[in-house]
Structure formats: C-alpha cells, structure tokens
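Here's start.cif, which has mmCIF, C-alpha atoms:
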data_query
#
loop_
_atom_site.label_atom_id
_atom_site.label_comp_id
_atom_site.auth_asym_id
_atom_site.auth_seq_id
_atom_site.Cartn_x
_atom_site.Cartn_y
_atom_site.Cartn_z
CA MET A 1 -43.03 158.00 23.37
CA SER A 2 -45.25 161.02 24.02
CA ARG A 3 -46.68 163.45 21.54
CA ARG A 4 -48.96 166.42 21.71
CA PHE A 5 -51.82 166.42 19.28
CA SER A 6 -53.59 169.51 18.07
CA LEU A 7 -57.34 169.84 18.51
CA LEU A 8 -57.61 170.06 14.74
CA ALA A 9 -55.91 166.68 14.29
CA LEU A 10 -58.23 165.03 16.83
CA VAL A 11 -61.29 166.50 15.16
CA GLY A 12 -60.03 165.33 11.77
CA ALA A 13 -59.42 161.80 13.02
CA ALA A 14 -62.90 161.65 14.56
CA ALA A 15 -64.42 162.76 11.28
CA VAL A 16 -62.62 160.01 9.38
CA VAL A 17 -63.72 157.18 11.67
CA ALA A 18 -67.27 158.50 11.73
CA ALA A 19 -67.27 158.59 7.94
CA VAL A 20 -66.36 154.90 7.82
CA ALA A 21 -69.54 154.05 9.66
CA ALA A 22 -71.86 156.47 7.90
CA GLY A 23 -70.45 155.99 4.41
CA HIS A 24 -71.43 152.34 4.08
CA THR A 25 -74.23 151.58 6.50
CA GLY A 26 -76.18 154.76 7.05
CA SER A 27 -76.97 155.94 10.56
CA ALA A 28 -76.30 153.55 13.39
CA ARG A 29 -78.82 152.61 16.05
CA SER A 30 -78.34 154.02 19.52
CA ALA A 31 -76.47 151.43 21.57
CA THR A 32 -76.55 151.44 25.37
CA SER A 33 -75.80 147.85 26.45
CA ALA A 34 -72.19 147.98 25.28
CA THR A 35 -69.90 150.76 26.49
CA PRO A 36 -68.47 152.60 23.47
CA LEU A 37 -64.79 153.27 22.98
CA PRO A 38 -63.96 157.01 23.10
CA SER A 39 -64.34 159.30 20.10
CA SER A 40 -60.71 160.41 20.45
CA SER A 41 -59.74 157.15 18.71
CA CYS A 42 -62.94 155.57 17.40
CA GLY A 43 -66.09 156.30 15.48
CA PRO A 44 -69.55 155.61 16.94
CA ILE A 45 -70.88 152.12 17.51
CA VAL A 46 -72.37 150.76 14.28
CA TYR A 47 -75.21 148.35 14.95
CA LYS A 48 -78.36 147.71 12.92
CA GLY A 49 -79.69 144.58 14.58
CA SER A 50 -82.56 144.28 17.03
CA GLY A 51 -82.22 145.79 20.48
CA THR A 52 -78.72 146.85 21.49
CA PRO A 53 -75.36 145.05 21.16
CA ASP A 54 -73.99 142.79 23.87
CA TYR A 55 -70.37 143.27 22.81
CA ILE A 56 -68.16 145.40 20.57
CA VAL A 57 -65.63 144.23 17.98
CA PRO A 58 -63.51 147.26 16.99
CA SER A 59 -61.11 147.46 14.09
CA ASP A 60 -57.70 149.10 14.44
CA LEU A 61 -56.47 150.62 11.16
CA PRO A 62 -54.59 153.75 9.96
CA LEU A 63 -57.41 155.92 8.58
CA GLN A 64 -55.31 158.99 7.71
CA GLY A 65 -52.55 159.43 5.18
CA ALA A 66 -51.78 158.06 1.74
CA ILE A 67 -53.55 154.71 2.15
CA ARG A 68 -56.75 156.09 3.73
CA HIS A 69 -58.88 155.02 0.75
CA GLN A 70 -57.69 151.43 1.10
CA THR A 71 -58.11 151.14 4.86
CA VAL A 72 -61.55 152.77 4.84
CA GLN A 73 -62.63 150.14 2.30
CA ILE A 74 -61.24 147.38 4.53
CA SER A 75 -63.26 148.76 7.43
CA ARG A 76 -66.42 148.87 5.34
CA ALA A 77 -65.81 145.27 4.31
CA MET A 78 -65.83 144.32 7.99
CA ILE A 79 -69.21 146.05 8.38
CA TRP A 80 -70.45 144.17 5.31
CA ALA A 81 -69.45 140.85 6.89
CA LEU A 82 -71.11 141.70 10.20
CA GLN A 83 -74.26 142.74 8.36
CA GLN A 84 -74.32 139.42 6.49
CA GLN A 85 -74.33 137.64 9.85
CA GLY A 86 -77.28 139.69 11.11
CA TRP A 87 -75.07 141.60 13.58
CA LYS A 88 -74.70 138.44 15.62
CA ALA A 89 -72.13 135.85 16.67
CA GLY A 90 -74.15 132.83 17.73
CA PRO A 91 -76.71 134.23 20.20
CA TYR A 92 -74.66 137.37 20.94
CA LYS A 93 -75.43 140.75 19.38
CA ILE A 94 -72.29 142.45 18.08
CA GLY A 95 -71.65 146.12 17.44
CA TYR A 96 -68.68 147.54 15.57
CA GLN A 97 -66.42 150.56 16.03
CA SER A 98 -63.82 151.78 13.55
CA CYS A 99 -60.72 152.96 15.41
CA ASP A 100 -57.82 154.94 13.99
CA ASP A 101 -54.19 154.17 14.89
CA SER A 102 -52.77 156.98 12.74
CA THR A 103 -52.29 160.71 13.22
CA ALA A 104 -52.41 163.66 10.87
CA GLN A 105 -48.82 164.48 11.79
CA THR A 106 -47.40 161.09 10.82
CA GLY A 107 -49.73 160.45 7.89
CA GLY A 108 -49.77 156.79 8.94
CA TRP A 109 -49.72 154.52 11.97
CA ASP A 110 -48.27 156.05 15.09
CA THR A 111 -46.53 154.21 17.93
CA ALA A 112 -48.13 156.28 20.70
CA LYS A 113 -51.58 155.97 19.16
CA CYS A 114 -51.22 152.20 18.83
CA ALA A 115 -50.30 151.95 22.52
CA THR A 116 -53.20 154.19 23.52
CA ASN A 117 -55.67 152.19 21.47
CA GLY A 118 -54.40 148.93 22.90
CA ARG A 119 -55.02 150.15 26.44
CA LEU A 120 -58.51 151.33 25.49
CA TYR A 121 -59.47 147.92 24.11
CA ALA A 122 -57.99 146.06 27.07
CA SER A 123 -59.80 148.15 29.69
CA ASN A 124 -63.24 148.18 28.04
CA LYS A 125 -65.12 145.04 29.13
CA SER A 126 -67.54 145.42 26.21
CA VAL A 127 -64.71 144.67 23.75
CA ILE A 128 -64.69 140.91 23.17
CA GLY A 129 -62.23 140.84 20.26
CA VAL A 130 -60.25 143.20 18.02
CA ILE A 131 -59.72 143.17 14.24
CA GLY A 132 -56.35 144.60 13.28
CA THR A 133 -53.87 145.87 12.73
CA PHE A 134 -52.89 146.88 9.20
CA ASN A 135 -49.23 147.52 10.02
CA SER A 136 -47.11 144.83 11.68
CA GLY A 137 -45.18 147.37 13.74
CA CYS A 138 -48.41 148.57 15.33
CA ALA A 139 -49.45 144.97 16.08
CA LYS A 140 -46.19 144.41 17.94
CA ILE A 141 -47.24 147.22 20.30
CA ILE A 142 -50.89 146.23 20.77
CA VAL A 143 -50.66 142.43 20.99
CA PRO A 144 -48.74 142.31 24.33
CA ILE A 145 -51.20 144.79 25.88
CA LEU A 146 -54.18 142.65 24.87
CA ASN A 147 -52.35 139.46 25.85
CA ARG A 148 -52.29 140.48 29.50
CA VAL A 149 -56.12 140.55 29.60
CA LYS A 150 -56.61 137.50 27.33
CA LEU A 151 -58.18 139.61 24.56
CA GLY A 152 -57.87 138.15 21.07
CA MET A 153 -56.96 139.96 17.87
CA VAL A 154 -57.28 138.82 14.24
CA SER A 155 -55.33 140.68 11.57
CA PRO A 156 -56.40 140.99 7.94
CA ALA A 157 -53.06 142.41 6.83
CA ASN A 158 -50.03 141.88 9.13
CA THR A 159 -47.38 139.92 7.26
CA ASN A 160 -44.25 140.21 9.41
CA PRO A 161 -43.38 136.63 10.46
CA GLY A 162 -42.11 137.57 13.93
CA LEU A 163 -45.61 138.04 15.32
CA THR A 164 -46.20 134.28 15.20
CA LYS A 165 -42.90 132.64 14.19
CA LYS A 166 -39.26 132.62 15.21
CA TRP A 167 -37.79 135.55 13.31
CA ASP A 168 -35.88 138.32 15.09
CA PRO A 169 -34.32 137.79 18.54
CA GLY A 170 -36.98 137.15 21.19
CA GLU A 171 -39.76 136.63 18.67
CA PRO A 172 -42.52 135.67 18.91
CA GLN A 173 -42.41 134.94 22.65
CA LYS A 174 -41.93 138.55 23.69
CA TYR A 175 -45.37 139.49 22.36
CA TYR A 176 -47.09 137.00 24.67
CA PRO A 177 -46.14 137.86 28.28
CA THR A 178 -48.72 135.40 29.68
CA GLY A 179 -47.21 132.58 27.63
CA VAL A 180 -50.55 131.96 25.89
CA ARG A 181 -51.24 133.15 22.32
CA ASN A 182 -53.96 135.73 21.63
CA TYR A 183 -53.13 136.78 18.05
CA ALA A 184 -54.08 135.21 14.71
CA ARG A 185 -54.14 136.33 11.08
CA VAL A 186 -55.81 135.35 7.84
CA VAL A 187 -52.95 136.46 5.59
CA ALA A 188 -49.71 134.75 4.53
CA THR A 189 -46.46 136.02 6.00
CA ASP A 190 -43.41 137.72 4.49
CA ASP A 191 -41.24 134.64 4.70
CA ILE A 192 -43.60 133.47 1.93
CA GLN A 193 -44.32 136.80 0.20
CA GLY A 194 -40.67 137.79 -0.25
CA PRO A 195 -39.75 134.50 -1.97
CA ALA A 196 -42.82 134.75 -4.21
CA ASP A 197 -41.66 138.20 -5.31
CA ALA A 198 -38.20 136.78 -5.99
CA MET A 199 -39.74 133.97 -8.05
CA TRP A 200 -41.51 136.58 -10.15
CA SER A 201 -38.30 138.60 -10.60
CA LYS A 202 -36.59 135.46 -11.89
CA SER A 203 -39.46 134.60 -14.23
CA VAL A 204 -39.38 138.00 -15.97
CA GLY A 205 -35.64 137.80 -16.54
CA ILE A 206 -34.33 140.15 -13.85
CA LYS A 207 -30.66 139.38 -13.25
CA LYS A 208 -29.56 142.36 -11.14
CA VAL A 209 -31.75 143.92 -8.46
CA PHE A 210 -31.31 146.67 -5.90
CA VAL A 211 -33.30 146.05 -2.69
CA LEU A 212 -34.63 148.93 -0.58
CA ASN A 213 -36.45 148.96 2.75
CA ASP A 214 -38.23 151.69 4.71
CA LYS A 215 -36.45 150.78 7.98
CA GLN A 216 -39.69 149.66 9.62
CA THR A 217 -40.62 146.22 10.96
CA TYR A 218 -42.62 145.15 7.92
CA GLY A 219 -40.44 146.73 5.25
CA PHE A 220 -37.12 145.42 6.53
CA GLY A 221 -38.59 141.95 7.02
CA VAL A 222 -40.05 141.55 3.53
CA ALA A 223 -36.96 143.11 1.94
CA SER A 224 -34.73 140.66 3.81
CA SER A 225 -36.78 137.61 2.81
CA TYR A 226 -36.82 138.82 -0.82
CA ARG A 227 -33.03 139.30 -0.79
CA SER A 228 -32.43 135.82 0.65
CA ALA A 229 -34.70 134.10 -1.88
CA ALA A 230 -33.35 136.13 -4.80
CA LYS A 231 -29.81 135.00 -4.02
CA LYS A 232 -30.93 131.37 -3.84
CA LEU A 233 -32.53 131.79 -7.27
CA GLY A 234 -29.30 133.14 -8.79
CA ILE A 235 -30.33 136.80 -8.95
CA ASN A 236 -27.49 139.23 -8.23
CA VAL A 237 -28.54 141.52 -5.38
CA VAL A 238 -26.32 144.54 -6.07
CA GLY A 239 -27.51 146.67 -3.14
CA PHE A 240 -29.48 146.52 0.10
CA GLN A 241 -30.26 149.88 1.66
CA GLY A 242 -32.85 151.73 3.75
CA TRP A 243 -34.62 154.91 2.74
CA ASP A 244 -35.58 157.79 5.02
CA ALA A 245 -39.32 158.51 4.82
CA LYS A 246 -38.73 162.18 5.69
CA GLN A 247 -36.24 162.90 2.93
CA SER A 248 -37.21 165.58 0.41
CA SER A 249 -35.16 164.09 -2.43
CA TYR A 250 -33.94 160.60 -3.34
CA GLU A 251 -31.90 161.66 -6.35
CA ALA A 252 -28.61 160.53 -4.81
CA LEU A 253 -30.07 157.13 -3.96
CA ALA A 254 -31.52 156.87 -7.46
CA ASN A 255 -28.10 157.59 -8.97
CA SER A 256 -26.56 154.87 -6.79
CA ILE A 257 -29.15 152.39 -8.00
CA LYS A 258 -28.47 153.29 -11.62
CA ALA A 259 -24.70 153.07 -11.11
CA SER A 260 -25.08 149.57 -9.64
CA GLY A 261 -26.32 148.25 -12.96
CA ALA A 262 -29.60 147.03 -11.47
CA THR A 263 -32.41 146.54 -13.97
CA ALA A 264 -35.00 146.37 -11.19
CA VAL A 265 -35.55 147.75 -7.71
CA PHE A 266 -37.55 146.06 -4.96
CA LEU A 267 -39.16 148.50 -2.53
CA GLY A 268 -39.72 146.72 0.78
CA GLY A 269 -42.01 149.00 2.75
CA ILE A 270 -45.25 150.94 2.69
CA ALA A 271 -46.47 153.69 0.38
CA CYS A 272 -47.10 155.96 3.40
CA ASN A 273 -43.35 156.28 3.93
CA ASN A 274 -42.91 158.73 1.04
CA GLY A 275 -43.16 155.85 -1.42
CA ALA A 276 -44.55 157.90 -4.31
CA LYS A 277 -41.70 160.43 -4.11
CA LEU A 278 -39.13 157.63 -3.91
CA MET A 279 -40.51 156.00 -7.04
CA GLN A 280 -40.66 159.34 -8.87
CA ASP A 281 -36.99 160.07 -8.20
CA ILE A 282 -35.89 156.54 -9.14
CA LYS A 283 -37.84 156.71 -12.41
CA ALA A 284 -36.60 160.24 -13.19
CA VAL A 285 -32.99 159.02 -13.10
CA ASN A 286 -33.67 155.68 -14.81
CA PRO A 287 -37.04 155.59 -16.64
CA LYS A 288 -36.53 152.00 -17.84
CA ILE A 289 -35.95 150.41 -14.43
CA THR A 290 -38.54 147.86 -13.28
CA LEU A 291 -40.34 148.63 -10.03
CA GLN A 292 -41.42 145.73 -7.85
CA MET A 293 -43.12 146.04 -4.47
CA PRO A 294 -44.88 143.95 -1.80
CA ASP A 295 -48.38 144.54 -0.45
CA GLY A 296 -47.36 147.73 1.37
CA PHE A 297 -47.90 149.34 -2.03
CA SER A 298 -51.22 147.63 -2.78
CA ASP A 299 -53.20 150.89 -3.04
CA PRO A 300 -52.75 152.38 -6.55
CA GLY A 301 -54.22 155.66 -5.34
CA ALA A 302 -51.41 156.06 -2.82
CA ASN A 303 -48.75 155.00 -5.35
CA GLY A 304 -49.78 157.43 -8.06
CA SER A 305 -49.23 157.16 -11.80
CA VAL A 306 -45.46 156.67 -11.40
CA ALA A 307 -46.23 153.06 -10.39
CA ASN A 308 -48.04 152.23 -13.62
CA GLY A 309 -46.45 149.05 -14.91
CA ALA A 310 -44.99 148.14 -11.50
CA TYR A 311 -45.38 144.62 -10.12
CA ILE A 312 -47.07 144.44 -6.71
CA SER A 313 -47.64 141.30 -4.63
CA VAL A 314 -50.63 140.62 -2.37
CA ALA A 315 -51.30 137.45 -0.39
CA GLY A 316 -54.01 135.10 -1.63
CA ALA A 317 -55.93 134.64 -4.85
CA PRO A 318 -57.15 137.76 -6.68
CA PRO A 319 -60.78 138.89 -6.21
CA SER A 320 -61.67 137.65 -9.69
CA ALA A 321 -60.59 134.10 -8.76
CA LEU A 322 -62.64 133.85 -5.57
CA THR A 323 -65.51 131.38 -5.68
CA GLY A 324 -68.56 130.62 -3.53
CA ALA A 325 -68.79 133.07 -0.65
CA GLY A 326 -65.81 134.92 -2.09
CA ALA A 327 -67.54 135.54 -5.40
CA THR A 328 -70.63 136.71 -3.54
CA PHE A 329 -68.51 139.16 -1.56
CA VAL A 330 -66.82 140.57 -4.67
CA LYS A 331 -70.17 141.13 -6.38
CA SER A 332 -72.13 142.44 -3.40
CA PHE A 333 -69.46 144.51 -1.69
CA GLY A 334 -68.10 145.70 -5.04
CA LYS A 335 -71.54 147.05 -5.87
CA SER A 336 -71.72 148.91 -2.57
CA VAL A 337 -68.37 150.66 -3.14
CA GLY A 338 -68.83 151.07 -6.90
CA ALA A 339 -65.59 149.31 -7.84
CA VAL A 340 -63.75 146.00 -7.84
CA PRO A 341 -62.74 145.64 -4.17
CA ASN A 342 -59.14 146.17 -3.20
CA PRO A 343 -57.61 142.72 -2.56
CA TYR A 344 -57.32 143.43 1.15
CA ALA A 345 -61.04 144.18 1.49
CA ALA A 346 -61.74 140.44 1.28
CA TYR A 347 -59.24 139.86 4.09
CA GLY A 348 -60.98 142.48 6.23
CA ALA A 349 -64.33 140.76 5.78
CA GLN A 350 -62.84 137.32 6.43
CA ALA A 351 -61.09 138.51 9.59
CA MET A 352 -64.42 139.72 10.95
CA LEU A 353 -66.09 136.39 10.13
CA VAL A 354 -63.29 134.48 11.88
CA MET A 355 -63.75 136.61 14.99
CA LEU A 356 -67.53 136.11 14.95
CA GLN A 357 -67.03 132.35 14.67
CA ALA A 358 -64.70 132.41 17.69
CA ILE A 359 -67.13 134.56 19.72
CA ALA A 360 -69.97 132.13 19.05
CA LYS A 361 -67.69 129.26 20.05
CA GLY A 362 -66.48 131.06 23.19
CA GLY A 363 -69.86 131.57 24.80
CA GLY A 364 -69.42 135.30 25.29
CA ASP A 365 -66.24 134.87 27.32
CA ARG A 366 -63.09 136.83 26.37
CA ALA A 367 -60.56 134.13 27.14
CA LYS A 368 -62.62 131.36 25.54
CA THR A 369 -63.19 133.51 22.45
CA THR A 370 -59.44 134.05 22.21
CA SER A 371 -58.58 130.37 22.57
CA GLY A 372 -61.27 129.56 20.00
CA LEU A 373 -59.24 131.31 17.30
CA PHE A 374 -56.61 128.55 17.32
CA GLY A 375 -57.36 125.36 15.44
CA LEU A 376 -60.36 127.10 13.90
CA THR A 377 -61.54 125.71 10.55
CA VAL A 378 -63.31 127.86 7.94
CA THR A 379 -65.41 126.15 5.28
CA ASN A 380 -66.58 128.06 2.18
CA GLY A 381 -65.22 131.31 3.57
CA ILE A 382 -64.62 134.41 1.52
CA LEU A 383 -61.03 133.21 1.08
CA GLY A 384 -62.10 129.59 0.57
CA ASN A 385 -61.45 126.66 2.91
CA PHE A 386 -58.65 127.13 5.42
CA THR A 387 -57.54 126.59 8.99
CA ILE A 388 -55.74 128.70 11.58
CA ASN A 389 -53.07 126.67 13.33
CA ALA A 390 -51.96 126.60 16.97
CA THR A 391 -49.61 129.55 16.47
CA GLY A 392 -52.18 131.75 14.73
CA ASP A 393 -51.21 131.34 11.07
CA THR A 394 -53.38 130.40 8.11
CA ASN A 395 -52.52 127.46 5.87
CA LEU A 396 -53.25 129.59 2.78
CA THR A 397 -49.89 130.42 1.21
CA GLN A 398 -50.77 131.74 -2.25
CA ILE A 399 -49.27 135.07 -3.32
CA THR A 400 -50.63 136.93 -6.34
CA ILE A 401 -48.51 139.27 -8.45
CA TYR A 402 -50.43 142.26 -9.82
CA LYS A 403 -49.50 144.93 -12.34
CA GLN A 404 -50.64 148.47 -11.65
CA ASN A 405 -52.68 150.02 -14.43
CA GLY A 406 -53.96 153.46 -13.45
CA LYS A 407 -56.20 153.05 -10.40
CA ASN A 408 -56.43 149.29 -10.81
CA LEU A 409 -54.34 146.27 -9.88
CA ILE A 410 -54.45 143.70 -12.68
CA PRO A 411 -53.67 140.13 -11.53
CA VAL A 412 -50.85 138.55 -13.52
CA LYS A 413 -49.81 135.35 -11.74
CA THR A 414 -50.54 133.47 -8.51
CA LEU A 415 -47.53 131.71 -6.98
CA VAL A 416 -46.76 129.32 -4.13
CA PRO A 417 -43.05 129.38 -3.21
CA GLY A 418 -41.24 126.10 -2.62
CA ALA A 419 -39.80 125.23 0.77
CA ASN A 420 -36.29 125.52 -0.63
CA ILE A 421 -36.52 129.34 -0.87
CA ILE A 422 -38.73 130.06 2.17
CA GLY A 423 -37.07 131.21 5.37
#
Before we go any further, please render this structure as structure tokens.
Amino acid sequence: MSRRFSLLALVGAAAVVAAVAAGHTGSARSATSATPLPSSSCGPIVYKGSGTPDYIVPSDLPLQGAIRHQTVQISRAMIWALQQQGWKAGPYKIGYQSCDDSTAQTGGWDTAKCATNGRLYASNKSVIGVIGTFNSGCAKIIVPILNRVKLGMVSPANTNPGLTKKWDPGEPQKYYPTGVRNYARVVATDDIQGPADAMWSKSVGIKKVFVLNDKQTYGFGVASSYRSAAKKLGINVVGFQGWDAKQSSYEALANSIKASGATAVFLGGIACNNGAKLMQDIKAVNPKITLQMPDGFSDPGANGSVANGAYISVAGAPPSALTGAGATFVKSFGKSVGAVPNPYAAYGAQAMLVMLQAIAKGGGDRAKTTSGLFGLTVTNGILGNFTINATGDTNLTQITIYKQNGKNLIPVKTLVPGANIIG
C-alpha cells in the first residue's frame, strides 16, 4: 500500500513526536553514540543520563487523531519509567525516541506507516528493543519485520489474541517467519476482555444486545469474543454488524438497532474510527440505550460527552487499586501530568520496565534481549507481580469495568472471567 504524504502532514507529525519528549522531560541531551531514527517518523532522542546512550528503545504509537491525548500520556509514562531507572538497563545507557505510526490523513494508525516504521527499527543497529504498538493491526505488520532480525517488541496495549495464540487461520505462526517468538505484551487479551464485558452485561440485567465492530483486527476480534460469551451467558444477541468509519451518518444503523429491541449496544472497535459520531447517532434515535465498549474507547476525551454513563472495559486493576510501585507511579506520574493517569499509562511504564529488564539480562545483544522477554518474572512491578510466558502473554487476567463521567473513567468492578466463557 503506497500513499503520498503532504509536507504539512510530515511537519505536523514531527511536531507531535517532538512535543512528547519536550512536554514531560524538558530538553534532551545531545546523543551521538546511538544513531537516531529519522525525524520523518520519530522525535529526537530523549536522554538525561551521563554521557551518551549506548542503545535506543523507541515507542511506536498513533500520536495523531482522536486518541492523541491518551497515547501522548502513554509515551510520557515510558519516559517516566526510564527516568526512574536512571536511563539505564543494567550497565547499558538507554535513550528513548517517540515514533508515530499514524498520519494526519487517517487520523489514526496507518498500514504504510507501520510498515515503514518497522523497517526503520529493524535496520537501525542502535535499536535494541521496541515498545508498541497501540493497535493490534499495526503490530501484525511490524512484528514479522522485526522477527527477521531478532528484534523484540513489548506492547502495552495490543489485545487481539492472534498475535500470540491460535485465533484466525495461520495465527500466530505467520507473524514469526523465523519460527522463534520476538513479541510479548503486558496486557490481557480479547478472549478474556470480551467475556468480561459479557459478564458485566449480564450483571446489569441486559437481556438483548446488538453487537457492532469497526471491521478492523482488534474490533472484530473483541466483538466476536463478546458475542460468543454473551450467548453462553443467556444474553440474546439480536445483531452482529460492522460499521464504516468513513460514513457521515449512522441513522439507518441506529434505527436497525432500535427495531431489534436491543436495550444495549456493544461497540467493538476504536474511538478513532468515527466512534463519537456513531454513538451520537445511536443515542439520538434511542436515548435510553446502554452503551458498552472495550478499551478501544478508553479515552473519554476522544469519546466526548455522548459516552457519559457508558461502560468501558480496560485490562488490569484500576490506578486507584495499584499498590507498591504502582501506587508510587500513580502519585508521581499523576503529579507530572496534573491528573489521574489514564489506565493505559501504567501499562506503558510497565512495558518499558520489562524491556529494560530484558536488555540488562541480554548483555546488550539484540537476540538475547529478545529471548529474555520470555519466562521473565516481574516482582513488585507497577502492575504488581506477574510473569510473561513462553508465548509472550502475561498471567494477569483481570479486567476492570469503568463508567465514563465527563473526562474521567470511574472504576466500577474488576472481573476475572471463568474458563467456561473464554475462547
């Protein structure tokens, strides 16, 4: 897929990634030991340790569009974590670059940009590990590119099961052309999140639900797992349909939902895919319908006021329930951003700490750093105590249901789905 990008879009993207670095840490030191990734995709190297960095750990996130506020905060949380470690992984000095996988035209992650970024990381010998991506579809493009050069990636947010588990045809093997894994994540997957959402639907008395998906990897996956679990729990799924992110009106779809008799609608997808407009049209036709969404709608700013009262799931315990290092993060990082951190900020910081632990263990070697991600144990981490198994998944399976209230997500209930509804 090829696209032409205007000079204005490139300048805008560069300004965003530069703002990530400057907004939280002040000016960065000049770094000459590590070769920086290009400004067409990434901000400058951020490093405030002694001397110059030995290696770079970039993040790959969509920094333009509706969820920009959320992803910028995740990036700053990674910087916070690196700063807490003195800009080091064992004896190695680590710099950071914030890279953008979105475009102004798409207003979210872009397939061509993901592929370009993947090639940049793979070819730059200073890059010893990558933190990302935010969107599962983008990860499915980047992971195979990095796999060929034994470069590891840790995601703070990908939830599509197929990246690590048997899911769609050919998954997950097709993402690992060398036959050796190079991808891990610190977040629970949608075969767990969807059932947790269905459990919540059942608990609040929803008997008929209409399930939507945004036709993307993540959205279709979480919508499918929700539908399956809802049926097992005795909820009548009266519709399962995709929405077009480029549509100007969803009135016809909203009328279909109302005619189905559904008292709730589950929106499997991301807010960037015209989510606010979709919710507005659904609510305009049926103001009393309950809105329920997965973590693709975990930024209240992107959702807008139409989502007030909606139920939104996010993996893990809420920030207020974190203890030890987690409580320290919420207090310290929250002070730096002037707000209670978005739930995914903690995952961004933890992903960076996992990568630093693997780098220290790997002795500065790419392949050894990558292999060090698997079987890794974290004690008193920001997310608590957990392990990453041989396939790259965490053993933390909690899902928290939040209720949107203005610009805040208020935690309501933390759930762990039973094996009988997972899958």
When you count only C-alpha atoms, which of these residues is closest to Asn213 of chain A: A:Pro169, A:Ala196, A:Phe266, A:Asp190?
A:Phe266
For the PyMOL selection byres ((chain A and resi 238) around 8), applied here, can you spell out every residue it catches as a PDB file with C-alpha atoms, in the frame of the given file?
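Output contents, as saved in expr00.pdb:
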ATOM      1  CA  LYS A 208     -29.560 142.360 -11.140  1.00  0.00           C
ATOM      2  CA  VAL A 209     -31.750 143.920  -8.460  1.00  0.00           C
ATOM      3  CA  PHE A 210     -31.310 146.670  -5.900  1.00  0.00           C
ATOM      4  CA  VAL A 211     -33.300 146.050  -2.690  1.00  0.00           C
ATOM      5  CA  ASN A 236     -27.490 139.230  -8.230  1.00  0.00           C
ATOM      6  CA  VAL A 237     -28.540 141.520  -5.380  1.00  0.00           C
ATOM      7  CA  GLY A 239     -27.510 146.670  -3.140  1.00  0.00           C
ATOM      8  CA  PHE A 240     -29.480 146.520   0.100  1.00  0.00           C
ATOM      9  CA  SER A 260     -25.080 149.570  -9.640  1.00  0.00           C
ATOM     10  CA  GLY A 261     -26.320 148.250 -12.960  1.00  0.00           C
ATOM     11  CA  ALA A 262     -29.600 147.030 -11.470  1.00  0.00           C
TER      12      ALA A 262
END
Top pick for closest residue to Ala184 of chain A, considering A:Ile289, A:His69, A:Asn135, A:Pro156 and counting only C-alpha atoms:
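Result for the nearest residue to Ala184 of chain A: A:Pro156.
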Around the point (-63.4, 137.4, 12.4) (coordinates from the file), which residues reach within 9 Å if we count all atoms listed in the file? Answer as a PyMOL selection string.
chain A and resi 78+81+129-131+153-155+348-359+373
Identify, on the basis of all atoms listed in the file, every residue whose closest approach to Val314 of chain A does not exceed 12 Å; exclude the query and any residue fewer than 5 positions from it along the same chain; express the result as a PyMOL selection string.
chain A and resi 156-159+187-190+192-194+196-197+292-299+319+342-347+397-403+409-415
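Listed by chain and then by number, the residues chosen by the PyMOL selection byres ((chain A and resi 53) around 9) in this file are Ala31, Thr32, Ser33, Ala34, Tyr47, Gly49, Ser50, Gly51, Thr52, Asp54, Tyr55, Ile56, Trp87, Lys88, Tyr92, Lys93, Ile94 and Gly95 of chain A.
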May I have the centre and edge lengths, in Å to one decimal, of an axis-aligned box around the listed atoms of segment 145-164 of chain A with 8 Å added to every side, as lines of an AutoDock Vina configuration file?
center_x = -50.1
center_y = 139.5
center_z = 18.2
size_x = 32.1
size_y = 26.5
size_z = 38.8
How far is it from atom CA of Pro287 of chain A to atom CA of Gln404 of chain A, in Å with one decimal?
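Going from atom CA of Pro287 of chain A over to atom CA of Gln404 of chain A covers 16.1 Å.
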Å distance separating atom CA of Leu212 of chain A from atom CA of Gln247 of chain A, one decimal place
14.5 Å
Which residue, A:Gln216, A:Asn117, A:Thr164, A:Thr328, has the smallest gap to Val180 of chain A when you use all atoms listed in the file?
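Of all the options, A:Thr164 lies closest to Val180 of chain A.
With atom CA of Gly179 of chain A on one side and atom CA of Arg366 of chain A on the other, the separation reads 16.5 Å.
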Please provide the set of residues having any atom within 8 Å of Gly381 of chain A, restricted to all atoms listed in the file, with same-chain residues fewer than 6 positions apart removed, written as a ChimeraX atom specification.
/A:324-326,350
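Using all atoms listed in the file, the protein and nucleic acid residues lying at most 12 Å from the point (-67.7, 142.2, -6.9) are Ala77, Pro318, Pro319, Ser320, Ala321, Leu322, Thr323, Ala325, Gly326, Ala327, Thr328, Phe329, Val330, Lys331, Ser332, Phe333, Gly334, Lys335, Ser336, Val337, Gly338, Ala339, Val340, Pro341, Asn342, Pro343, Ala345, Ala346 and Ile382 of chain A.
Picked by the PyMOL selection byres ((chain A and resi 175) around 7) from the coordinates shown: A:Lys140, A:Val143, A:Pro144, A:Pro172, A:Gln173, A:Lys174, A:Tyr176, A:Pro177.
Using only C-alpha atoms, the nearest neighbour of Thr377 of chain A within the list A:Asp393, A:Asp365, A:Asp101, A:Asp168 is A:Asp393.
Among the candidates A:Ser126, A:Ser225, A:Thr178, A:Thr217, the residue lying nearest to Pro36 of chain A is A:Ser126 (atoms considered: all atoms listed in the file).
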Excluding same-chain residues fewer than 2 positions from Asn273 of chain A, what lies within 12 Å of it counting all atoms listed in the file, as a PyMOL selection string?
chain A and resi 65-67+106-109+213-216+218-219+242-248+267-271+275-279+296-297+302-303
Rank A:Lys207, A:Val72, A:Ala284, A:Ser224 by their smallest atom-to-atom distance to Asp191 of chain A, using only C-alpha atoms, and report the top residue only.
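So, comparing all the options, the nearest one is A:Ser224.
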Exercise: Cys42 of chain A partners within 7 Å, only C-alpha atoms, chain neighbours under 2 positions left out, as an NGL selection string:
:A and (14 or 17 or 37-40 or 44 or 97-100)
